[in-house]
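Input: a single structure, listed below in structure tokens.
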Amino acid sequence: MSPIEWLFDAQLVIGDQVVLWREIVGNVFGLASALGGLRRKVWAWPVGIVGNALLFTVFMGALFETPNPVNLLGQAGRQLMFIAVSIYGWVRWSQHRQVSATAVEPRWASMRARILLGAALVGGTLVLTPVFRALGSFEPVWADAWIFMGSLLATWGMAKGWTEFWLIWVAVDIVGVPLLVSAGYYASALLYVFYGLFTIFGFITWMRVQRVTSATAPGRAPTTPQS
């Protein structure tokens, strides 16, 4: 049996619960990507892509005939979205790395961008909820749609270098934990709890980086939101 075949079939049995090792490994890669993002490292993007590919097969449980035959279309779809946006972020950070000592310089999004982010999160959730429901996603479907949209916007914000992207992740985690528990994806739910705490730390860290950058750059105005 090849390592890939083992990873695809391996299971961890805890009491009467069966957890796929793919779910655990995929979330570990996601955590490593988050740590890389916190440190503004370009490698965060390809590492995240590997985790996304693994988690896609997990959340399409019925399609891949896993022990948990529950399809979370928002969770699965966001893995594909992650891969697409991560390629953009990978290229963007790599280009910035060629002209700067860091891959990205944290900054506040403009007021206009903040309004658009909020409108996109709420509006996208309303639009996708009936679509996911028609496709047979797990209830409550609005939570699955919220997670999908929030993940899209947070990943986009990270690629742009907006410090607010950490707060979008907090909003995703608040909804994601109870949804994953109710759907039986306990490993991912546990990681979401940790992610929630980690994203708050990430937000504070990026704010501090902004302050240091503004204080040390000669003749540079403080980084504040612009309307």
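Chain labels follow the order of the structure tokens: the first chain is A, the next B, and so on; residue numbering restarts at 1 in every chain, and ligands are counted from 1 in their shown order.
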For the alpha helix (DSSP H) assignment from backbone DSSP, which residues of range 124-162 of chain A qualify? Please present them as a PDB file with all heavy atoms, in the first residue's frame.
```pdb
ATOM      1  N   GLY A 124     -23.569  37.436   0.116  1.00  0.00           N
ATOM      2  CA  GLY A 124     -23.169  36.138  -0.418  1.00  0.00           C
ATOM      3  C   GLY A 124     -23.799  34.991   0.342  1.00  0.00           C
ATOM      4  O   GLY A 124     -24.189  33.971  -0.245  1.00  0.00           O
ATOM      5  N   THR A 125     -23.925  35.139   1.656  1.00  0.00           N
ATOM      6  CA  THR A 125     -24.566  34.106   2.467  1.00  0.00           C
ATOM      7  C   THR A 125     -26.029  33.935   2.068  1.00  0.00           C
ATOM      8  O   THR A 125     -26.526  32.807   1.936  1.00  0.00           O
ATOM      9  CB  THR A 125     -24.473  34.457   3.963  1.00  0.00           C
ATOM     10  OG1 THR A 125     -23.097  34.544   4.340  1.00  0.00           O
ATOM     11  CG2 THR A 125     -25.162  33.409   4.811  1.00  0.00           C
ATOM     12  N   LEU A 126     -26.726  35.053   1.875  1.00  0.00           N
ATOM     13  CA  LEU A 126     -28.136  34.989   1.484  1.00  0.00           C
ATOM     14  C   LEU A 126     -28.319  34.348   0.112  1.00  0.00           C
ATOM     15  O   LEU A 126     -29.271  33.588  -0.109  1.00  0.00           O
ATOM     16  CB  LEU A 126     -28.729  36.406   1.486  1.00  0.00           C
ATOM     17  CG  LEU A 126     -28.838  37.092   2.854  1.00  0.00           C
ATOM     18  CD1 LEU A 126     -29.330  38.529   2.684  1.00  0.00           C
ATOM     19  CD2 LEU A 126     -29.774  36.307   3.773  1.00  0.00           C
ATOM     20  N   VAL A 127     -27.405  34.640  -0.798  1.00  0.00           N
ATOM     21  CA  VAL A 127     -27.513  34.097  -2.154  1.00  0.00           C
ATOM     22  C   VAL A 127     -27.174  32.608  -2.184  1.00  0.00           C
ATOM     23  O   VAL A 127     -27.857  31.814  -2.861  1.00  0.00           O
ATOM     24  CB  VAL A 127     -26.580  34.867  -3.113  1.00  0.00           C
ATOM     25  CG1 VAL A 127     -26.500  34.173  -4.476  1.00  0.00           C
ATOM     26  CG2 VAL A 127     -27.068  36.295  -3.291  1.00  0.00           C
ATOM     27  N   LEU A 128     -26.136  32.211  -1.467  1.00  0.00           N
ATOM     28  CA  LEU A 128     -25.665  30.831  -1.533  1.00  0.00           C
ATOM     29  C   LEU A 128     -26.503  29.853  -0.710  1.00  0.00           C
ATOM     30  O   LEU A 128     -26.516  28.657  -1.002  1.00  0.00           O
ATOM     31  CB  LEU A 128     -24.213  30.756  -1.066  1.00  0.00           C
ATOM     32  CG  LEU A 128     -23.171  31.364  -2.000  1.00  0.00           C
ATOM     33  CD1 LEU A 128     -21.787  31.291  -1.384  1.00  0.00           C
ATOM     34  CD2 LEU A 128     -23.191  30.662  -3.347  1.00  0.00           C
ATOM     35  N   THR A 129     -27.205  30.350   0.312  1.00  0.00           N
ATOM     36  CA  THR A 129     -27.977  29.446   1.159  1.00  0.00           C
ATOM     37  C   THR A 129     -28.985  28.601   0.372  1.00  0.00           C
ATOM     38  O   THR A 129     -28.989  27.364   0.502  1.00  0.00           O
ATOM     39  CB  THR A 129     -28.692  30.227   2.286  1.00  0.00           C
ATOM     40  OG1 THR A 129     -27.708  30.812   3.145  1.00  0.00           O
ATOM     41  CG2 THR A 129     -29.589  29.304   3.100  1.00  0.00           C
ATOM     42  N   PRO A 130     -29.845  29.185  -0.461  1.00  0.00           N
ATOM     43  CA  PRO A 130     -30.766  28.333  -1.218  1.00  0.00           C
ATOM     44  C   PRO A 130     -30.065  27.446  -2.238  1.00  0.00           C
ATOM     45  O   PRO A 130     -30.538  26.350  -2.546  1.00  0.00           O
ATOM     46  CB  PRO A 130     -31.699  29.349  -1.908  1.00  0.00           C
ATOM     47  CG  PRO A 130     -30.936  30.629  -1.928  1.00  0.00           C
ATOM     48  CD  PRO A 130     -30.106  30.626  -0.703  1.00  0.00           C
ATOM     49  N   VAL A 131     -28.924  27.909  -2.746  1.00  0.00           N
ATOM     50  CA  VAL A 131     -28.171  27.089  -3.707  1.00  0.00           C
ATOM     51  C   VAL A 131     -27.623  25.849  -3.021  1.00  0.00           C
ATOM     52  O   VAL A 131     -27.777  24.718  -3.517  1.00  0.00           O
ATOM     53  CB  VAL A 131     -27.017  27.911  -4.324  1.00  0.00           C
ATOM     54  CG1 VAL A 131     -26.158  27.028  -5.229  1.00  0.00           C
ATOM     55  CG2 VAL A 131     -27.552  29.098  -5.101  1.00  0.00           C
ATOM     56  N   PHE A 132     -26.982  26.041  -1.858  1.00  0.00           N
ATOM     57  CA  PHE A 132     -26.439  24.900  -1.122  1.00  0.00           C
ATOM     58  C   PHE A 132     -27.552  23.968  -0.653  1.00  0.00           C
ATOM     59  O   PHE A 132     -27.389  22.754  -0.614  1.00  0.00           O
ATOM     60  CB  PHE A 132     -25.632  25.390   0.087  1.00  0.00           C
ATOM     61  CG  PHE A 132     -24.287  25.966  -0.280  1.00  0.00           C
ATOM     62  CD1 PHE A 132     -23.487  26.555   0.684  1.00  0.00           C
ATOM     63  CD2 PHE A 132     -23.818  25.936  -1.578  1.00  0.00           C
ATOM     64  CE1 PHE A 132     -22.248  27.081   0.370  1.00  0.00           C
ATOM     65  CE2 PHE A 132     -22.588  26.462  -1.918  1.00  0.00           C
ATOM     66  CZ  PHE A 132     -21.794  27.045  -0.949  1.00  0.00           C
ATOM     67  N   ARG A 133     -28.703  24.534  -0.278  1.00  0.00           N
ATOM     68  CA  ARG A 133     -29.815  23.697   0.175  1.00  0.00           C
ATOM     69  C   ARG A 133     -30.325  22.829  -0.980  1.00  0.00           C
ATOM     70  O   ARG A 133     -30.624  21.640  -0.788  1.00  0.00           O
ATOM     71  CB  ARG A 133     -30.945  24.565   0.723  1.00  0.00           C
ATOM     72  CG  ARG A 133     -32.153  23.755   1.186  1.00  0.00           C
ATOM     73  CD  ARG A 133     -33.182  24.585   1.926  1.00  0.00           C
ATOM     74  NE  ARG A 133     -32.710  25.002   3.257  1.00  0.00           N
ATOM     75  CZ  ARG A 133     -32.473  26.253   3.607  1.00  0.00           C
ATOM     76  NH1 ARG A 133     -32.653  27.239   2.725  1.00  0.00           N
ATOM     77  NH2 ARG A 133     -32.051  26.543   4.823  1.00  0.00           N
ATOM     78  N   ALA A 134     -30.433  23.406  -2.158  1.00  0.00           N
ATOM     79  CA  ALA A 134     -30.899  22.646  -3.320  1.00  0.00           C
ATOM     80  C   ALA A 134     -29.925  21.522  -3.681  1.00  0.00           C
ATOM     81  O   ALA A 134     -30.335  20.470  -4.192  1.00  0.00           O
ATOM     82  CB  ALA A 134     -31.086  23.587  -4.516  1.00  0.00           C
ATOM     83  N   VAL A 141     -28.084  25.252   6.595  1.00  0.00           N
ATOM     84  CA  VAL A 141     -27.351  25.553   5.372  1.00  0.00           C
ATOM     85  C   VAL A 141     -26.768  26.962   5.397  1.00  0.00           C
ATOM     86  O   VAL A 141     -25.697  27.209   4.845  1.00  0.00           O
ATOM     87  CB  VAL A 141     -28.282  25.369   4.154  1.00  0.00           C
ATOM     88  CG1 VAL A 141     -27.524  25.657   2.868  1.00  0.00           C
ATOM     89  CG2 VAL A 141     -28.825  23.941   4.118  1.00  0.00           C
ATOM     90  N   TRP A 142     -27.455  27.899   6.052  1.00  0.00           N
ATOM     91  CA  TRP A 142     -26.942  29.272   6.070  1.00  0.00           C
ATOM     92  C   TRP A 142     -25.562  29.320   6.719  1.00  0.00           C
ATOM     93  O   TRP A 142     -24.710  30.123   6.320  1.00  0.00           O
ATOM     94  CB  TRP A 142     -27.896  30.201   6.829  1.00  0.00           C
ATOM     95  CG  TRP A 142     -27.913  29.999   8.317  1.00  0.00           C
ATOM     96  CD1 TRP A 142     -28.781  29.239   9.036  1.00  0.00           C
ATOM     97  CD2 TRP A 142     -26.988  30.550   9.269  1.00  0.00           C
ATOM     98  NE1 TRP A 142     -28.464  29.278  10.378  1.00  0.00           N
ATOM     99  CE2 TRP A 142     -27.372  30.077  10.551  1.00  0.00           C
ATOM    100  CE3 TRP A 142     -25.896  31.394   9.166  1.00  0.00           C
ATOM    101  CZ2 TRP A 142     -26.680  30.424  11.707  1.00  0.00           C
ATOM    102  CZ3 TRP A 142     -25.206  31.742  10.315  1.00  0.00           C
ATOM    103  CH2 TRP A 142     -25.596  31.263  11.576  1.00  0.00           C
ATOM    104  N   ALA A 143     -25.332  28.436   7.714  1.00  0.00           N
ATOM    105  CA  ALA A 143     -24.028  28.416   8.376  1.00  0.00           C
ATOM    106  C   ALA A 143     -22.946  27.948   7.421  1.00  0.00           C
ATOM    107  O   ALA A 143     -21.827  28.479   7.412  1.00  0.00           O
ATOM    108  CB  ALA A 143     -24.081  27.489   9.597  1.00  0.00           C
ATOM    109  N   ASP A 144     -23.267  26.957   6.602  1.00  0.00           N
ATOM    110  CA  ASP A 144     -22.322  26.471   5.599  1.00  0.00           C
ATOM    111  C   ASP A 144     -21.997  27.578   4.592  1.00  0.00           C
ATOM    112  O   ASP A 144     -20.844  27.766   4.194  1.00  0.00           O
ATOM    113  CB  ASP A 144     -22.936  25.264   4.885  1.00  0.00           C
ATOM    114  CG  ASP A 144     -21.881  24.317   4.335  1.00  0.00           C
ATOM    115  OD1 ASP A 144     -20.701  24.437   4.732  1.00  0.00           O
ATOM    116  OD2 ASP A 144     -22.233  23.460   3.523  1.00  0.00           O
ATOM    117  N   ALA A 145     -23.038  28.326   4.182  1.00  0.00           N
ATOM    118  CA  ALA A 145     -22.837  29.431   3.237  1.00  0.00           C
ATOM    119  C   ALA A 145     -22.020  30.555   3.865  1.00  0.00           C
ATOM    120  O   ALA A 145     -21.153  31.163   3.215  1.00  0.00           O
ATOM    121  CB  ALA A 145     -24.195  29.957   2.762  1.00  0.00           C
ATOM    122  N   TRP A 146     -22.283  30.847   5.134  1.00  0.00           N
ATOM    123  CA  TRP A 146     -21.533  31.886   5.860  1.00  0.00           C
ATOM    124  C   TRP A 146     -20.042  31.529   5.924  1.00  0.00           C
ATOM    125  O   TRP A 146     -19.173  32.378   5.698  1.00  0.00           O
ATOM    126  CB  TRP A 146     -22.111  32.019   7.260  1.00  0.00           C
ATOM    127  CG  TRP A 146     -21.372  32.950   8.190  1.00  0.00           C
ATOM    128  CD1 TRP A 146     -20.303  32.631   8.975  1.00  0.00           C
ATOM    129  CD2 TRP A 146     -21.644  34.340   8.427  1.00  0.00           C
ATOM    130  NE1 TRP A 146     -19.893  33.725   9.694  1.00  0.00           N
ATOM    131  CE2 TRP A 146     -20.695  34.784   9.383  1.00  0.00           C
ATOM    132  CE3 TRP A 146     -22.592  35.231   7.947  1.00  0.00           C
ATOM    133  CZ2 TRP A 146     -20.679  36.095   9.850  1.00  0.00           C
ATOM    134  CZ3 TRP A 146     -22.571  36.542   8.419  1.00  0.00           C
ATOM    135  CH2 TRP A 146     -21.632  36.965   9.346  1.00  0.00           C
ATOM    136  N   ILE A 147     -19.755  30.268   6.231  1.00  0.00           N
ATOM    137  CA  ILE A 147     -18.372  29.813   6.318  1.00  0.00           C
ATOM    138  C   ILE A 147     -17.683  29.926   4.970  1.00  0.00           C
ATOM    139  O   ILE A 147     -16.522  30.340   4.878  1.00  0.00           O
ATOM    140  CB  ILE A 147     -18.332  28.359   6.834  1.00  0.00           C
ATOM    141  CG1 ILE A 147     -18.787  28.308   8.298  1.00  0.00           C
ATOM    142  CG2 ILE A 147     -16.936  27.768   6.695  1.00  0.00           C
ATOM    143  CD1 ILE A 147     -18.984  26.909   8.819  1.00  0.00           C
ATOM    144  N   PHE A 148     -18.404  29.557   3.919  1.00  0.00           N
ATOM    145  CA  PHE A 148     -17.819  29.644   2.580  1.00  0.00           C
ATOM    146  C   PHE A 148     -17.465  31.088   2.231  1.00  0.00           C
ATOM    147  O   PHE A 148     -16.340  31.383   1.805  1.00  0.00           O
ATOM    148  CB  PHE A 148     -18.800  29.089   1.544  1.00  0.00           C
ATOM    149  CG  PHE A 148     -18.280  29.155   0.131  1.00  0.00           C
ATOM    150  CD1 PHE A 148     -17.528  28.120  -0.390  1.00  0.00           C
ATOM    151  CD2 PHE A 148     -18.535  30.258  -0.675  1.00  0.00           C
ATOM    152  CE1 PHE A 148     -17.032  28.181  -1.699  1.00  0.00           C
ATOM    153  CE2 PHE A 148     -18.048  30.339  -1.966  1.00  0.00           C
ATOM    154  CZ  PHE A 148     -17.305  29.292  -2.481  1.00  0.00           C
ATOM    155  N   MET A 149     -18.416  31.994   2.400  1.00  0.00           N
ATOM    156  CA  MET A 149     -18.175  33.390   2.043  1.00  0.00           C
ATOM    157  C   MET A 149     -17.105  34.014   2.940  1.00  0.00           C
ATOM    158  O   MET A 149     -16.227  34.748   2.463  1.00  0.00           O
ATOM    159  CB  MET A 149     -19.480  34.197   2.154  1.00  0.00           C
ATOM    160  CG  MET A 149     -20.448  33.980   1.019  1.00  0.00           C
ATOM    161  SD  MET A 149     -19.737  34.335  -0.615  1.00  0.00           S
ATOM    162  CE  MET A 149     -19.138  36.020  -0.399  1.00  0.00           C
ATOM    163  N   GLY A 150     -17.184  33.750   4.238  1.00  0.00           N
ATOM    164  CA  GLY A 150     -16.189  34.302   5.146  1.00  0.00           C
ATOM    165  C   GLY A 150     -14.796  33.824   4.820  1.00  0.00           C
ATOM    166  O   GLY A 150     -13.822  34.596   4.859  1.00  0.00           O
ATOM    167  N   SER A 151     -14.672  32.554   4.469  1.00  0.00           N
ATOM    168  CA  SER A 151     -13.365  31.996   4.119  1.00  0.00           C
ATOM    169  C   SER A 151     -12.821  32.632   2.850  1.00  0.00           C
ATOM    170  O   SER A 151     -11.624  32.924   2.748  1.00  0.00           O
ATOM    171  CB  SER A 151     -13.482  30.484   3.936  1.00  0.00           C
ATOM    172  OG  SER A 151     -13.942  29.871   5.120  1.00  0.00           O
ATOM    173  N   LEU A 152     -13.702  32.830   1.881  1.00  0.00           N
ATOM    174  CA  LEU A 152     -13.292  33.482   0.634  1.00  0.00           C
ATOM    175  C   LEU A 152     -12.762  34.885   0.904  1.00  0.00           C
ATOM    176  O   LEU A 152     -11.676  35.268   0.446  1.00  0.00           O
ATOM    177  CB  LEU A 152     -14.482  33.543  -0.329  1.00  0.00           C
ATOM    178  CG  LEU A 152     -14.304  34.411  -1.580  1.00  0.00           C
ATOM    179  CD1 LEU A 152     -13.171  33.872  -2.443  1.00  0.00           C
ATOM    180  CD2 LEU A 152     -15.601  34.471  -2.393  1.00  0.00           C
ATOM    181  N   LEU A 153     -13.504  35.660   1.662  1.00  0.00           N
ATOM    182  CA  LEU A 153     -13.135  37.050   1.926  1.00  0.00           C
ATOM    183  C   LEU A 153     -11.896  37.143   2.814  1.00  0.00           C
ATOM    184  O   LEU A 153     -11.055  38.029   2.621  1.00  0.00           O
ATOM    185  CB  LEU A 153     -14.310  37.782   2.571  1.00  0.00           C
ATOM    186  CG  LEU A 153     -15.561  37.889   1.695  1.00  0.00           C
ATOM    187  CD1 LEU A 153     -16.722  38.465   2.496  1.00  0.00           C
ATOM    188  CD2 LEU A 153     -15.293  38.756   0.461  1.00  0.00           C
ATOM    189  N   ALA A 154     -11.768  36.235   3.786  1.00  0.00           N
ATOM    190  CA  ALA A 154     -10.593  36.255   4.660  1.00  0.00           C
ATOM    191  C   ALA A 154      -9.332  35.913   3.881  1.00  0.00           C
ATOM    192  O   ALA A 154      -8.281  36.551   4.065  1.00  0.00           O
ATOM    193  CB  ALA A 154     -10.785  35.273   5.812  1.00  0.00           C
ATOM    194  N   THR A 155      -9.419  34.932   3.008  1.00  0.00           N
ATOM    195  CA  THR A 155      -8.246  34.548   2.211  1.00  0.00           C
ATOM    196  C   THR A 155      -7.864  35.660   1.251  1.00  0.00           C
ATOM    197  O   THR A 155      -6.679  35.953   1.044  1.00  0.00           O
ATOM    198  CB  THR A 155      -8.534  33.249   1.438  1.00  0.00           C
ATOM    199  OG1 THR A 155      -8.992  32.242   2.346  1.00  0.00           O
ATOM    200  CG2 THR A 155      -7.276  32.746   0.745  1.00  0.00           C
ATOM    201  N   TRP A 156      -8.868  36.302   0.663  1.00  0.00           N
ATOM    202  CA  TRP A 156      -8.615  37.438  -0.226  1.00  0.00           C
ATOM    203  C   TRP A 156      -7.953  38.577   0.552  1.00  0.00           C
ATOM    204  O   TRP A 156      -6.996  39.196   0.086  1.00  0.00           O
ATOM    205  CB  TRP A 156      -9.920  37.899  -0.847  1.00  0.00           C
ATOM    206  CG  TRP A 156      -9.782  39.100  -1.737  1.00  0.00           C
ATOM    207  CD1 TRP A 156     -10.077  40.396  -1.438  1.00  0.00           C
ATOM    208  CD2 TRP A 156      -9.305  39.120  -3.087  1.00  0.00           C
ATOM    209  NE1 TRP A 156      -9.822  41.223  -2.501  1.00  0.00           N
ATOM    210  CE2 TRP A 156      -9.349  40.473  -3.532  1.00  0.00           C
ATOM    211  CE3 TRP A 156      -8.856  38.144  -3.970  1.00  0.00           C
ATOM    212  CZ2 TRP A 156      -8.940  40.847  -4.815  1.00  0.00           C
ATOM    213  CZ3 TRP A 156      -8.458  38.513  -5.243  1.00  0.00           C
ATOM    214  CH2 TRP A 156      -8.499  39.848  -5.652  1.00  0.00           C
ATOM    215  N   GLY A 157      -8.457  38.848   1.755  1.00  0.00           N
ATOM    216  CA  GLY A 157      -7.891  39.906   2.582  1.00  0.00           C
ATOM    217  C   GLY A 157      -6.455  39.615   2.979  1.00  0.00           C
ATOM    218  O   GLY A 157      -5.614  40.518   3.040  1.00  0.00           O
ATOM    219  N   MET A 158      -6.156  38.350   3.250  1.00  0.00           N
ATOM    220  CA  MET A 158      -4.782  37.969   3.590  1.00  0.00           C
ATOM    221  C   MET A 158      -3.867  38.218   2.401  1.00  0.00           C
ATOM    222  O   MET A 158      -2.750  38.735   2.556  1.00  0.00           O
ATOM    223  CB  MET A 158      -4.739  36.491   3.992  1.00  0.00           C
ATOM    224  CG  MET A 158      -3.337  35.967   4.280  1.00  0.00           C
ATOM    225  SD  MET A 158      -3.368  34.233   4.831  1.00  0.00           S
ATOM    226  CE  MET A 158      -1.617  33.827   4.767  1.00  0.00           C
ATOM    227  N   ALA A 159      -4.317  37.854   1.212  1.00  0.00           N
ATOM    228  CA  ALA A 159      -3.510  38.079   0.010  1.00  0.00           C
ATOM    229  C   ALA A 159      -3.249  39.566  -0.206  1.00  0.00           C
ATOM    230  O   ALA A 159      -2.161  39.969  -0.658  1.00  0.00           O
ATOM    231  CB  ALA A 159      -4.208  37.478  -1.216  1.00  0.00           C
ATOM    232  N   LYS A 160      -4.236  40.412   0.128  1.00  0.00           N
ATOM    233  CA  LYS A 160      -4.088  41.855  -0.043  1.00  0.00           C
ATOM    234  C   LYS A 160      -3.263  42.493   1.076  1.00  0.00           C
ATOM    235  O   LYS A 160      -2.817  43.634   0.946  1.00  0.00           O
ATOM    236  CB  LYS A 160      -5.470  42.523  -0.080  1.00  0.00           C
ATOM    237  CG  LYS A 160      -6.366  42.027  -1.198  1.00  0.00           C
ATOM    238  CD  LYS A 160      -5.932  42.526  -2.560  1.00  0.00           C
ATOM    239  CE  LYS A 160      -6.285  43.987  -2.747  1.00  0.00           C
ATOM    240  NZ  LYS A 160      -5.961  44.453  -4.121  1.00  0.00           N
TER     241      LYS A 160
END
```
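Scanning range 32-200 of chain A with DSSP on the backbone, the strand (DSSP E or B) assignments fall on Met60, Asn71, Arg107 and Trp162 of chain A.
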Would you save the residues of that selection, restricted to C-alpha atoms, as an mmCIF file, in the first residue's frame?
```cif
data_model
loop_
_atom_site.group_PDB
_atom_site.id
_atom_site.type_symbol
_atom_site.label_atom_id
_atom_site.label_comp_id
_atom_site.auth_asym_id
_atom_site.auth_seq_id
_atom_site.Cartn_x
_atom_site.Cartn_y
_atom_site.Cartn_z
ATOM 1 C CA MET A 60 -17.463 15.388 0.372
ATOM 2 C CA ASN A 71 -21.691 16.427 2.416
ATOM 3 C CA ARG A 107 -2.189 47.579 6.465
ATOM 4 C CA TRP A 162 -5.387 43.694 5.132
#
```
Hey, which of A:Met207, A:Ala119, A:Ile87, A:Leu80 ends up closest to Leu38 in chain A? Count only C-alpha atoms.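 Using only C-alpha atoms, Leu38 in chain A sits closest to A:Met207.
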One number please: CA of Ala32 in chain A to CA of Val122 in chain A, in Å, one decimal.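 If I compute the distance from CA of Ala32 in chain A to CA of Val122 in chain A, I get 28.9 Å.
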Length of the CA of Glu23 in chain A to CA of Leu135 in chain A vector [Å]: 22.7 Å
CA of Arg78 in chain A to CA of Val50 in chain A, straight-line distance in Å: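 Atom-to-atom, CA of Val50 in chain A and CA of Arg78 in chain A are spaced 13.6 Å apart.
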Pick from A:Ala76, A:Ala120, A:Val104, A:Ala44: nearest to Thr213 in chain A, with only C-alpha atoms counted?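 Ranked by minimum distance to Thr213 in chain A, first place goes to A:Val104.
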Pick out the residues sitting within 10 Å of Trp206 in chain A, and hand them over as a tab-separated table (two decimals) with N, CA and C atoms, in the first residue's frame; count only C-alpha atoms, and ignore anything fewer than 5 positions along from it in its own chain.
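So part_6.tsv came out as:
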```tsv
chain	number	residue	atom	x	y	z
A	38	LEU	N	0.90	34.23	9.73
A	38	LEU	CA	1.19	35.11	10.86
A	38	LEU	C	2.59	35.70	10.73
A	39	ARG	N	3.53	34.88	10.28
A	39	ARG	CA	4.93	35.31	10.14
A	39	ARG	C	5.20	35.92	8.78
A	40	ARG	N	4.14	36.00	7.94
A	40	ARG	CA	4.24	36.60	6.60
A	40	ARG	C	5.26	35.88	5.73
A	105	GLU	N	3.32	43.74	3.68
A	105	GLU	CA	3.30	44.73	4.76
A	105	GLU	C	1.85	44.91	5.21
A	106	PRO	N	1.53	44.50	6.44
A	106	PRO	CA	0.15	44.62	6.94
A	106	PRO	C	-0.34	46.07	6.89
A	107	ARG	N	-1.58	46.24	6.52
A	107	ARG	CA	-2.19	47.58	6.46
A	107	ARG	C	-3.68	47.43	6.67
A	108	TRP	N	-4.31	48.54	7.06
A	108	TRP	CA	-5.76	48.55	7.21
A	108	TRP	C	-6.42	48.64	5.84
A	161	GLY	N	-3.08	41.76	2.18
A	161	GLY	CA	-2.33	42.31	3.30
A	161	GLY	C	-3.17	43.14	4.25
A	162	TRP	N	-4.50	42.94	4.24
A	162	TRP	CA	-5.39	43.69	5.13
A	162	TRP	C	-5.43	43.03	6.50
A	163	THR	N	-5.12	43.75	7.54
A	163	THR	CA	-5.10	43.20	8.89
A	163	THR	C	-6.48	42.70	9.31
A	164	GLU	N	-7.54	43.29	8.78
A	164	GLU	CA	-8.90	42.89	9.16
A	164	GLU	C	-9.24	41.45	8.79
A	166	TRP	N	-8.03	38.80	9.72
A	166	TRP	CA	-8.04	37.96	10.92
A	166	TRP	C	-9.42	37.99	11.60
A	201	PHE	N	-4.94	36.30	18.20
A	201	PHE	CA	-3.51	36.57	18.38
A	201	PHE	C	-2.89	37.11	17.09
A	211	ARG	N	2.31	49.17	13.56
A	211	ARG	CA	2.79	50.28	14.40
A	211	ARG	C	4.30	50.41	14.30
A	212	VAL	N	5.01	49.28	14.33
A	212	VAL	CA	6.47	49.32	14.24
A	212	VAL	C	6.91	49.85	12.88
```
Env of range 187-190 of chain A: 8 Å cut, atoms = only C-alpha atoms, seq-sep filter 2 positions within chain, self excluded. Answer as a PyMOL selection string. chain A and resi 19+23-24+27+176-178+180-181+185+192-194
Output N, CA, C and O atoms for every residue in that selection, as an mmCIF file, in the first residue's frame.
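Output below, filename part37.cif:
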```
data_model
loop_
_atom_site.group_PDB
_atom_site.id
_atom_site.type_symbol
_atom_site.label_atom_id
_atom_site.label_comp_id
_atom_site.auth_asym_id
_atom_site.auth_seq_id
_atom_site.Cartn_x
_atom_site.Cartn_y
_atom_site.Cartn_z
ATOM 1 N N VAL A 19 -12.665 8.953 12.997
ATOM 2 C CA VAL A 19 -12.100 10.179 12.434
ATOM 3 C C VAL A 19 -11.082 9.800 11.363
ATOM 4 O O VAL A 19 -10.219 8.950 11.589
ATOM 5 N N GLU A 23 -8.541 14.072 7.657
ATOM 6 C CA GLU A 23 -9.097 15.264 8.293
ATOM 7 C C GLU A 23 -8.088 15.875 9.263
ATOM 8 O O GLU A 23 -7.917 17.099 9.321
ATOM 9 N N ILE A 24 -7.400 15.011 10.018
ATOM 10 C CA ILE A 24 -6.412 15.497 10.974
ATOM 11 C C ILE A 24 -5.224 16.114 10.251
ATOM 12 O O ILE A 24 -4.797 17.235 10.565
ATOM 13 N N ASN A 27 -6.021 19.418 8.498
ATOM 14 C CA ASN A 27 -6.114 20.541 9.433
ATOM 15 C C ASN A 27 -4.749 20.940 9.980
ATOM 16 O O ASN A 27 -4.513 22.118 10.262
ATOM 17 N N GLY A 176 -18.540 28.140 12.580
ATOM 18 C CA GLY A 176 -18.029 26.855 12.127
ATOM 19 C C GLY A 176 -17.989 25.771 13.194
ATOM 20 O O GLY A 176 -18.278 24.599 12.912
ATOM 21 N N VAL A 177 -17.646 26.137 14.420
ATOM 22 C CA VAL A 177 -17.507 25.131 15.474
ATOM 23 C C VAL A 177 -18.814 24.370 15.714
ATOM 24 O O VAL A 177 -18.831 23.127 15.655
ATOM 25 N N PRO A 178 -19.938 25.035 16.004
ATOM 26 C CA PRO A 178 -21.176 24.275 16.231
ATOM 27 C C PRO A 178 -21.643 23.507 14.999
ATOM 28 O O PRO A 178 -22.215 22.415 15.126
ATOM 29 N N LEU A 180 -19.722 22.082 12.628
ATOM 30 C CA LEU A 180 -18.896 20.894 12.471
ATOM 31 C C LEU A 180 -19.198 19.848 13.528
ATOM 32 O O LEU A 180 -19.186 18.645 13.251
ATOM 33 N N VAL A 181 -19.481 20.278 14.754
ATOM 34 C CA VAL A 181 -19.834 19.338 15.812
ATOM 35 C C VAL A 181 -21.136 18.624 15.463
ATOM 36 O O VAL A 181 -21.251 17.402 15.586
ATOM 37 N N TYR A 185 -17.924 16.194 12.415
ATOM 38 C CA TYR A 185 -16.516 16.405 12.060
ATOM 39 C C TYR A 185 -15.792 16.990 13.275
ATOM 40 O O TYR A 185 -15.460 18.170 13.336
ATOM 41 N N TYR A 192 -11.011 24.278 14.861
ATOM 42 C CA TYR A 192 -11.658 25.587 14.715
ATOM 43 C C TYR A 192 -11.627 26.367 16.032
ATOM 44 O O TYR A 192 -11.492 27.593 16.029
ATOM 45 N N VAL A 193 -11.756 25.645 17.149
ATOM 46 C CA VAL A 193 -11.666 26.316 18.450
ATOM 47 C C VAL A 193 -10.283 26.940 18.610
ATOM 48 O O VAL A 193 -10.147 28.092 19.029
ATOM 49 N N PHE A 194 -9.270 26.174 18.263
ATOM 50 C CA PHE A 194 -7.904 26.692 18.350
ATOM 51 C C PHE A 194 -7.696 27.838 17.364
ATOM 52 O O PHE A 194 -7.066 28.849 17.691
#
```
Nearby residues (only C-alpha atoms) at most 12 Å from Asn52 in chain A, same-chain spacing under 5 positions excluded, as JSON, numbers by chain: {"A": [22, 23, 24, 25, 26, 27, 28, 29, 30, 31, 33, 45, 46, 47, 57, 58, 59, 75, 76, 77, 78, 79, 80, 81, 82, 83, 84, 85, 86, 151]}
Taking into account only C-alpha atoms, which residue in the set A:Trp43, A:Arg92, A:Ala109, A:Gly51 is nearest to Trp21 in chain A? A:Gly51
